$ cat upload22.txt   # compact mmCIF, C-alpha atoms and all ligand atoms
# COMPACT_ATOMS: atom_id res chain seq x y z
CA MET A 1 -26.73 5.75 -9.29
CA VAL A 2 -24.84 5.18 -12.54
CA LEU A 3 -21.10 5.81 -12.59
CA PRO A 4 -20.28 9.03 -14.47
CA PRO A 5 -17.73 8.70 -17.30
CA PHE A 6 -14.02 8.80 -16.42
CA ALA A 7 -10.64 7.89 -17.94
CA LEU A 8 -8.83 4.88 -16.44
CA HIS A 9 -5.02 4.82 -16.17
CA ARG A 10 -3.22 1.58 -15.35
CA PRO A 11 0.37 2.37 -14.37
CA THR A 12 2.75 -0.44 -13.44
CA THR A 13 5.21 1.61 -11.39
CA THR A 14 4.81 4.10 -8.55
CA ALA A 15 6.64 6.75 -10.61
CA GLN A 16 4.14 6.40 -13.46
CA ALA A 17 1.23 6.58 -11.03
CA LEU A 18 2.61 9.74 -9.43
CA SER A 19 2.98 11.45 -12.80
CA LEU A 20 -0.73 10.82 -13.44
CA LEU A 21 -2.12 12.14 -10.15
CA ALA A 22 -3.88 15.51 -9.98
CA GLU A 23 -6.76 17.11 -8.07
CA ASP A 24 -9.28 15.44 -10.44
CA SER A 25 -7.17 12.35 -11.31
CA VAL A 26 -7.32 10.21 -8.18
CA PRO A 27 -5.88 6.91 -6.88
CA TYR A 28 -8.09 3.86 -7.24
CA SER A 29 -7.39 0.61 -5.44
CA GLY A 30 -10.29 -1.70 -4.53
CA GLY A 31 -12.91 0.94 -5.32
CA THR A 32 -15.14 -0.05 -2.37
CA GLU A 33 -15.39 3.56 -1.17
CA LEU A 34 -14.36 5.50 -4.26
CA LEU A 35 -16.84 4.03 -6.74
CA LEU A 36 -19.67 4.35 -4.20
CA ALA A 37 -18.84 8.02 -3.63
CA MET A 38 -18.72 8.57 -7.41
CA ARG A 39 -22.06 6.80 -7.90
CA MET A 40 -23.59 9.03 -5.25
CA GLY A 41 -22.21 12.12 -7.00
CA LEU A 42 -20.11 13.10 -3.97
CA ILE A 43 -16.93 13.26 -6.05
CA ARG A 44 -16.48 13.60 -9.80
CA PRO A 45 -12.90 12.78 -10.82
CA THR A 46 -12.20 12.91 -14.53
CA ALA A 47 -9.66 10.05 -14.25
CA LEU A 48 -8.85 7.13 -11.95
CA VAL A 49 -5.27 5.94 -11.47
CA ASP A 50 -5.53 2.19 -10.84
CA LEU A 51 -2.84 1.07 -8.37
CA LYS A 52 -3.47 -2.67 -8.60
CA ARG A 53 -0.78 -3.37 -11.22
CA ILE A 54 2.05 -1.84 -9.19
CA PRO A 55 3.93 -4.81 -7.67
CA GLU A 56 5.48 -2.94 -4.70
CA MET A 57 2.00 -1.86 -3.56
CA GLN A 58 1.18 -5.55 -3.07
CA GLU A 59 4.25 -6.49 -1.01
CA ILE A 60 4.37 -7.68 2.59
CA ARG A 61 7.91 -8.04 3.96
CA THR A 62 10.15 -7.37 6.92
CA ASP A 63 13.48 -5.64 7.13
CA ARG A 64 15.58 -5.74 10.29
CA SER A 65 13.33 -3.50 12.34
CA ARG A 66 9.99 -3.10 10.58
CA LEU A 67 7.05 -4.91 9.04
CA LEU A 68 6.38 -3.26 5.66
CA ILE A 69 2.96 -3.52 4.05
CA GLY A 70 2.20 -2.18 0.55
CA ALA A 71 -0.74 0.20 0.49
CA GLY A 72 -2.61 -1.98 -2.01
CA VAL A 73 -2.66 -5.14 0.13
CA SER A 74 -6.21 -6.35 0.73
CA HIS A 75 -7.78 -6.89 4.14
CA ASP A 76 -8.10 -10.61 3.36
CA ARG A 77 -4.36 -10.98 2.77
CA LEU A 78 -3.56 -9.11 5.97
CA ALA A 79 -5.89 -11.40 7.87
CA THR A 80 -4.15 -14.53 6.64
CA ASP A 81 -0.56 -13.61 5.78
CA PRO A 82 1.98 -15.57 7.90
CA LEU A 83 4.34 -12.58 8.35
CA VAL A 84 1.51 -10.38 9.62
CA GLU A 85 0.29 -13.15 11.93
CA GLN A 86 3.83 -13.65 13.24
CA HIS A 87 4.73 -9.99 13.78
CA ALA A 88 1.48 -8.03 14.12
CA ARG A 89 -1.16 -10.38 15.49
CA LEU A 90 -3.40 -7.54 16.57
CA LEU A 91 -3.61 -6.22 13.02
CA ALA A 92 -4.33 -9.69 11.61
CA ALA A 93 -7.11 -10.18 14.18
CA ALA A 94 -8.70 -6.80 13.43
CA GLU A 95 -8.49 -7.42 9.68
CA ARG A 96 -10.43 -10.67 10.01
CA GLU A 97 -13.38 -8.64 11.29
CA VAL A 98 -13.37 -5.80 8.75
CA GLY A 99 -16.65 -5.33 6.84
CA ASN A 100 -17.82 -8.36 4.92
CA ALA A 101 -16.23 -10.93 2.60
CA ARG A 102 -16.49 -8.65 -0.44
CA VAL A 103 -14.96 -5.66 1.31
CA ARG A 104 -12.13 -7.77 2.74
CA ALA A 105 -11.35 -9.31 -0.67
CA GLN A 106 -11.54 -6.06 -2.63
CA GLY A 107 -10.69 -3.30 -0.15
CA SER A 108 -7.09 -2.34 0.59
CA ILE A 109 -5.43 -1.14 3.77
CA GLY A 110 -4.31 2.01 1.93
CA GLY A 111 -7.82 2.80 0.69
CA ASN A 112 -9.14 2.40 4.22
CA ILE A 113 -6.60 4.83 5.63
CA CYS A 114 -6.73 7.40 2.82
CA PHE A 115 -10.52 7.61 2.73
CA GLY A 116 -10.37 8.85 6.32
CA GLU A 117 -13.67 7.19 7.25
CA PRO A 118 -13.88 7.69 11.03
CA ARG A 119 -15.35 4.24 11.75
CA SER A 120 -12.16 2.39 10.93
CA ASP A 121 -10.76 -0.66 12.67
CA VAL A 122 -7.53 -0.23 10.73
CA ALA A 123 -6.79 3.35 11.87
CA THR A 124 -7.37 2.38 15.51
CA VAL A 125 -4.96 -0.54 15.36
CA LEU A 126 -2.27 1.26 13.35
CA ILE A 127 -2.11 4.05 15.94
CA ALA A 128 -1.78 1.42 18.68
CA LEU A 129 1.10 -0.21 16.76
CA GLU A 130 2.76 3.17 16.11
CA ALA A 131 2.77 2.67 12.36
CA GLU A 132 4.40 5.14 10.00
CA LEU A 133 2.67 5.93 6.72
CA GLY A 134 4.90 6.36 3.68
CA LEU A 135 3.70 9.07 1.29
CA ALA A 136 5.23 10.01 -2.05
CA ASN A 137 4.64 12.58 -4.78
CA SER A 138 6.73 13.66 -7.75
CA ALA A 139 8.68 16.05 -5.46
CA GLY A 140 9.79 13.36 -3.00
CA GLU A 141 8.80 11.14 -0.10
CA ARG A 142 7.82 11.63 3.53
CA SER A 143 6.71 9.53 6.43
CA VAL A 144 3.83 10.48 8.73
CA PRO A 145 3.07 8.74 12.03
CA ALA A 146 -0.40 7.16 11.92
CA GLU A 147 -1.32 9.21 14.99
CA GLU A 148 -0.84 12.45 13.00
CA PHE A 149 -2.52 11.30 9.80
CA PHE A 150 -6.25 11.45 10.64
CA LEU A 151 -7.29 15.11 10.82
CA GLY A 152 -11.09 14.81 10.74
CA PRO A 153 -13.89 12.82 9.10
CA TYR A 154 -12.77 12.02 5.53
CA TRP A 155 -9.82 14.37 6.00
CA THR A 156 -6.23 13.21 6.28
CA ALA A 157 -2.71 14.62 6.13
CA ARG A 158 -2.34 13.28 2.57
CA ASP A 159 -2.08 15.88 -0.17
CA ALA A 160 -4.10 15.23 -3.36
CA THR A 161 -0.89 14.73 -5.34
CA GLU A 162 0.46 12.13 -2.89
CA LEU A 163 0.20 8.37 -2.90
CA LEU A 164 0.28 6.29 0.23
CA THR A 165 2.89 3.74 -0.78
CA ALA A 166 3.46 1.60 2.32
CA ILE A 167 2.64 1.15 5.98
CA SER A 168 5.62 0.51 8.21
CA ILE A 169 5.18 -1.03 11.67
CA PRO A 170 8.13 -1.05 14.10
CA LEU A 171 9.32 -4.45 15.36
CA PRO A 172 9.01 -5.95 17.84
CA CYS A 173 5.38 -5.06 17.56
CA ALA A 174 3.20 -3.98 20.48
CA GLU A 175 0.96 -6.82 21.70
CA GLY A 176 -2.46 -6.53 23.23
CA VAL A 177 -6.20 -6.61 22.91
CA TYR A 178 -8.58 -5.30 20.26
CA LEU A 179 -12.28 -5.02 21.03
CA LYS A 180 -15.08 -3.49 19.03
CA PHE A 181 -18.77 -2.87 19.50
CA GLN A 182 -20.77 -3.00 16.30
CA THR A 183 -24.48 -3.30 15.48
CA VAL A 184 -24.43 -2.25 11.81
CA GLU A 185 -21.76 -2.08 9.11
CA ARG A 186 -18.51 -0.63 10.51
CA PRO A 187 -17.69 -0.36 14.21
CA THR A 188 -19.50 1.99 16.59
CA VAL A 189 -16.70 1.81 19.16
CA ALA A 190 -13.20 0.35 18.64
CA VAL A 191 -10.64 -0.02 21.42
CA ALA A 192 -7.04 -1.22 21.10
CA ALA A 193 -5.06 -1.65 24.33
CA VAL A 194 -1.42 -2.63 23.95
CA ARG A 195 1.77 -3.11 25.90
CA ARG A 196 4.47 -1.28 23.98
CA PRO A 197 7.92 -2.82 23.51
CA GLY A 198 9.33 -0.24 25.96
CA GLY A 199 7.06 -1.65 28.68
CA ASP A 200 4.43 1.08 28.93
CA TYR A 201 0.85 0.92 27.65
CA ARG A 202 -1.22 2.64 24.99
CA VAL A 203 -5.00 2.67 24.67
CA VAL A 204 -6.56 3.92 21.43
CA VAL A 205 -10.26 4.64 20.99
CA GLY A 206 -11.47 4.76 17.40
CA ALA A 207 -14.71 4.83 15.41
CA VAL A 208 -16.81 6.58 18.06
CA GLY A 209 -15.58 10.13 17.39
CA GLU A 210 -14.36 12.19 14.47
CA VAL A 211 -10.79 10.92 14.80
CA PRO A 212 -9.14 8.25 16.97
CA VAL A 213 -7.87 9.40 20.39
CA TRP A 214 -5.28 7.71 22.55
CA ALA A 215 -3.31 7.95 25.77
CA ASP A 216 -0.15 6.33 27.09
CA TYR A 217 0.19 4.98 30.63
CA PRO A 218 3.16 3.68 32.64
CA GLY A 219 1.08 0.76 33.98
CA VAL A 220 -2.07 -0.99 32.77
CA GLY A 221 -3.64 -0.34 36.18
CA GLU A 222 -3.38 3.37 35.48
CA VAL A 223 -5.62 3.33 32.41
CA ASP A 224 -8.27 5.99 33.05
CA PRO A 225 -11.45 5.17 31.07
CA VAL A 226 -13.33 8.29 32.20
CA ASP A 227 -10.55 10.63 31.10
CA LEU A 228 -10.15 8.85 27.75
CA VAL A 229 -13.89 8.92 27.03
CA GLY A 230 -13.78 12.65 27.77
CA ARG A 231 -11.36 13.09 24.86
CA THR A 232 -13.73 11.50 22.30
CA SER A 233 -16.33 13.40 20.29
CA PRO A 234 -19.28 11.03 19.74
CA VAL A 235 -22.41 12.31 18.04
CA SER A 236 -25.93 10.90 18.32
CA ASP A 237 -27.00 8.92 15.26
CA LEU A 238 -28.80 5.70 14.32
CA THR A 239 -26.22 3.61 16.18
CA GLY A 240 -26.93 5.35 19.50
CA SER A 241 -27.15 8.58 21.42
CA GLU A 242 -24.02 10.46 22.43
CA ARG A 243 -24.60 9.44 26.07
CA TYR A 244 -25.03 5.79 25.17
CA LYS A 245 -21.85 5.80 23.06
CA ARG A 246 -19.87 7.38 25.88
CA HIS A 247 -21.11 4.67 28.23
CA VAL A 248 -20.27 1.83 25.81
CA THR A 249 -16.84 3.34 25.17
CA GLU A 250 -16.06 3.49 28.87
CA VAL A 251 -17.14 -0.14 29.32
CA TYR A 252 -15.00 -1.25 26.37
CA ILE A 253 -11.91 0.62 27.56
CA ARG A 254 -12.28 -0.90 31.02
CA ARG A 255 -12.78 -4.38 29.54
CA ALA A 256 -9.80 -4.07 27.19
CA ALA A 257 -7.52 -2.93 30.03
CA GLU A 258 -8.71 -5.82 32.22
CA LEU A 259 -8.12 -8.36 29.45
CA LEU A 260 -4.67 -6.96 28.83
CA ALA A 261 -3.83 -7.13 32.53
CA GLU A 262 -5.13 -10.72 32.70
CA SER A 263 -3.06 -11.74 29.67
CA GLU A 264 0.06 -10.64 31.55
CA ARG A 265 -0.61 -12.58 34.74
C1 LIG A 301 -19.97 -2.23 3.35
C2 LIG A 301 -18.68 -1.77 3.96
C3 LIG A 301 -18.33 -2.19 5.23
C4 LIG A 301 -17.12 -1.77 5.80
N1 LIG A 301 -16.81 -2.17 7.06
C5 LIG A 301 -15.63 -1.78 7.61
C6 LIG A 301 -15.26 -2.19 8.92
O1 LIG A 301 -15.97 -2.93 9.60
N2 LIG A 301 -14.08 -1.73 9.43
C7 LIG A 301 -13.24 -0.91 8.71
O2 LIG A 301 -12.16 -0.53 9.19
N3 LIG A 301 -13.57 -0.52 7.45
C8 LIG A 301 -14.73 -0.93 6.89
N4 LIG A 301 -15.05 -0.54 5.62
C9 LIG A 301 -14.09 0.31 4.90
C10 LIG A 301 -13.20 -0.55 4.00
O3 LIG A 301 -12.17 -1.07 4.77
C11 LIG A 301 -12.71 0.33 2.90
O4 LIG A 301 -13.83 0.55 2.08
C12 LIG A 301 -11.60 -0.24 2.02
O5 LIG A 301 -10.50 -0.67 2.75
C13 LIG A 301 -11.15 0.85 1.07
O6 LIG A 301 -10.12 0.31 0.27
P1 LIG A 301 -10.23 0.39 -1.31
O7 LIG A 301 -8.98 -0.23 -1.82
O8 LIG A 301 -11.51 -0.18 -1.82
O9 LIG A 301 -10.22 1.96 -1.50
P2 LIG A 301 -10.76 2.80 -2.74
O10 LIG A 301 -12.25 2.85 -2.71
O11 LIG A 301 -10.12 2.38 -4.00
O12 LIG A 301 -10.20 4.24 -2.33
C14 LIG A 301 -10.66 4.91 -1.18
C15 LIG A 301 -10.03 6.30 -1.13
O13 LIG A 301 -8.63 6.20 -0.89
C16 LIG A 301 -7.88 6.74 -1.98
N5 LIG A 301 -6.76 5.82 -2.15
C17 LIG A 301 -6.81 4.47 -2.30
N6 LIG A 301 -5.56 3.94 -2.27
C18 LIG A 301 -4.71 4.99 -2.11
C19 LIG A 301 -3.30 5.10 -2.01
N7 LIG A 301 -2.49 4.03 -2.05
N8 LIG A 301 -2.76 6.32 -1.86
C20 LIG A 301 -3.54 7.42 -1.79
N9 LIG A 301 -4.90 7.38 -1.87
C21 LIG A 301 -5.46 6.18 -2.02
C22 LIG A 301 -8.84 6.81 -3.16
O14 LIG A 301 -8.51 7.86 -4.04
C23 LIG A 301 -10.16 7.08 -2.43
O15 LIG A 301 -10.26 8.44 -2.09
C24 LIG A 301 -16.24 -0.93 5.05
C25 LIG A 301 -16.59 -0.53 3.74
C26 LIG A 301 -17.78 -0.94 3.20
C27 LIG A 301 -18.13 -0.50 1.80

$ encode --input "upload22.txt" --output "structure tokens"
Amino acid sequence: MVLPPFALHRPTTTAQALSLLAEDSVPYSGGTELLLAMRMGLIRPTALVDLKRIPEMQEIRTDRSRLLIGAGVSHDRLATDPLVEQHARLLAAAEREVGNARVRAQGSIGGNICFGEPRSDVATVLIALEAELGLANSAGERSVPAEEFFLGPYWTARDATELLTAISIPLPCAEGVYLKFQTVERPTVAVAAVRRPGGDYRVVVGAVGEVPVWADYPGVGEVDPVDLVGRTSPVSDLTGSERYKRHVTEVYIRRAAELLAESER
């Protein structure tokens, strides 16, 4: 599994990076997924566009109404950054549990999202927090809600010529509970249950199906685990049968809703 040859570009601005992107000239951040996929011969880009030297991709800041996170920020930084802890505790907590020490140090939030790996803690939490994903290409910029970004396994709304530049989370941030069930690398079932700033509730189920699913409820007592499990698409694999995963998912949704209700008493 030797890496095939490729050219390496090291832009220092987003504009430079965008001018270098093409179908076979792809963004490269921590490389935890990309280099593995290249080693396995699953993708064969002729050039990598390294995003690590672009300062704005490494920023974490707030403006009046949003927490803004550069796409290149590592899981480790998100787990420990004071602004993230202050404004988006659920994200910080989930980030502390991502992968292993190497993946957290090297892997970026943007790489996690753009790879479209279904077993993602990050995607589950970002949908719960109603994040917006900032995309740019040489023709302009657009913003896509996290809930519309994940289209299927390893398939997202990002065009090959686009960069994910930043993740924007509305403030005040939804608060709640994040639970995951995991026996091997990456979660088997991930559940985020939050009270939204408007006072209603959102439950997101990730990892277990092809894409995260979610539902909104006027009260936490109205969360319907059976209905929500029915919306997922688990498949039998080494981490469990479809039936087993549906059962675990239902238990975790129920538990998350109970914990959220308890936290409000
Ligand atoms: C062993 C292991 C365990 C893991 N466990 C977990 C887990 O428990 N929970 C979880 O949620 N995740 C887990 N992951 C996934 C991990 O979070 C991702 O591998 C990591 O975040 C990817 O980031 P990266 O910077 O390394 O991406 P890269 O490998 O550099 O890139 C990944 C993909 O995204 C593209 N890309 C990267 N940045 C951008 C950008 N800014 N704009 C557009 N496209 C971009 C690349 O072209 C590539 O297609 C695990 C991964 C591994 C290898």

$ closest_residue --input "upload22.txt" --among "A:Val125, A:Cys173, A:Ala136, A:Val26" --to "Ser65 in chain A" --atoms "all atoms listed in the file"
A:Cys173

$ closest_residue --input "upload22.txt" --among "A:Pro82, A:Pro45, A:Pro234, A:Pro212" --to "Ala123 in chain A" --atoms "all atoms listed in the file"
A:Pro212

$ closest_residue --input "upload22.txt" --among "A:Phe149, A:Tyr154, A:Tyr178, A:Phe6" --to "ligand LIG 301 (chain A)" --atoms "only C-alpha atoms and all ligand atoms"
A:Tyr154

$ axis_aligned_box --input "upload22.txt" --around "ligand LIG 301 (chain A)" --padding-each-side "5 Å" --output "AutoDock Vina command-line options"
--center_x -11.2 --center_y 2.8 --center_z 2.8 --size_x 27.5 --size_y 21.4 --size_z 23.6

$ atom_distance --input "upload22.txt" --atom1 "CA of Asp81 in chain A" --atom2 "CA of Leu126 in chain A"
16.8 Å

$ residues_near_point --input "upload22.txt" --point "(15.4, -10.0, 12.1)" --cutoff "12 Å" --atoms "only C-alpha atoms" --output "PyMOL selection string"
chain A and resi 61-67+83+87+170-172

$ atom_distance --input "upload22.txt" --atom1 "CA of Glu210 in chain A" --atom2 "CA of Thr124 in chain A"
12.1 Å

$ atom_distance --input "upload22.txt" --atom1 "CA of Val226 in chain A" --atom2 "atom C24 of ligand LIG 301 (chain A)"
28.8 Å

$ closest_residue --input "upload22.txt" --among "A:Leu151, A:Ile43, A:Ile169, A:Met38" --to "Ile60 in chain A" --atoms "all atoms listed in the file"
A:Ile169

$ residues_around --input "upload22.txt" --residues "Ile69 in chain A" --least-positions-apart "5" --cutoff "9 Å" --atoms "all atoms listed in the file" --output "list in words"
Met57, Gln58, Glu59, Ile60, Arg61, Thr62, Leu78, Val84, Ile109, Thr165, Ala166, Ile167, Ser168 and Ile169 of chain A

$ write_last_selection --input "upload22.txt" --atoms "C-alpha atoms" --output "mmCIF file, keeping the file's coordinate frame"
data_model
loop_
_atom_site.group_PDB
_atom_site.id
_atom_site.type_symbol
_atom_site.label_atom_id
_atom_site.label_comp_id
_atom_site.auth_asym_id
_atom_site.auth_seq_id
_atom_site.Cartn_x
_atom_site.Cartn_y
_atom_site.Cartn_z
ATOM 1 C CA MET A 57 2.000 -1.860 -3.560
ATOM 2 C CA GLN A 58 1.180 -5.550 -3.070
ATOM 3 C CA GLU A 59 4.250 -6.490 -1.010
ATOM 4 C CA ILE A 60 4.370 -7.680 2.590
ATOM 5 C CA ARG A 61 7.910 -8.040 3.960
ATOM 6 C CA THR A 62 10.150 -7.370 6.920
ATOM 7 C CA LEU A 78 -3.560 -9.110 5.970
ATOM 8 C CA VAL A 84 1.510 -10.380 9.620
ATOM 9 C CA ILE A 109 -5.430 -1.140 3.770
ATOM 10 C CA THR A 165 2.890 3.740 -0.780
ATOM 11 C CA ALA A 166 3.460 1.600 2.320
ATOM 12 C CA ILE A 167 2.640 1.150 5.980
ATOM 13 C CA SER A 168 5.620 0.510 8.210
ATOM 14 C CA ILE A 169 5.180 -1.030 11.670
#

$ residues_around --input "upload22.txt" --residues "Val208 in chain A" --least-positions-apart "5" --cutoff "7 Å" --atoms "only C-alpha atoms" --output "number ranges by chain"
A: 119, 188-189, 234

$ closest_residue --input "upload22.txt" --among "A:His75, A:Arg10, A:Arg142, A:His247" --to "Ile54 in chain A" --atoms "only C-alpha atoms"
A:Arg10

$ closest_residue --input "upload22.txt" --among "A:Ile127, A:Ile113, A:Leu51, A:Ala261" --to "Ala215 in chain A" --atoms "only C-alpha atoms"
A:Ile127

$ residues_around --input "upload22.txt" --residues "Val203 in chain A" --least-positions-apart "2" --cutoff "6 Å" --atoms "all atoms listed in the file" --output "ChimeraX atom specification"
/A:192-193,214-215
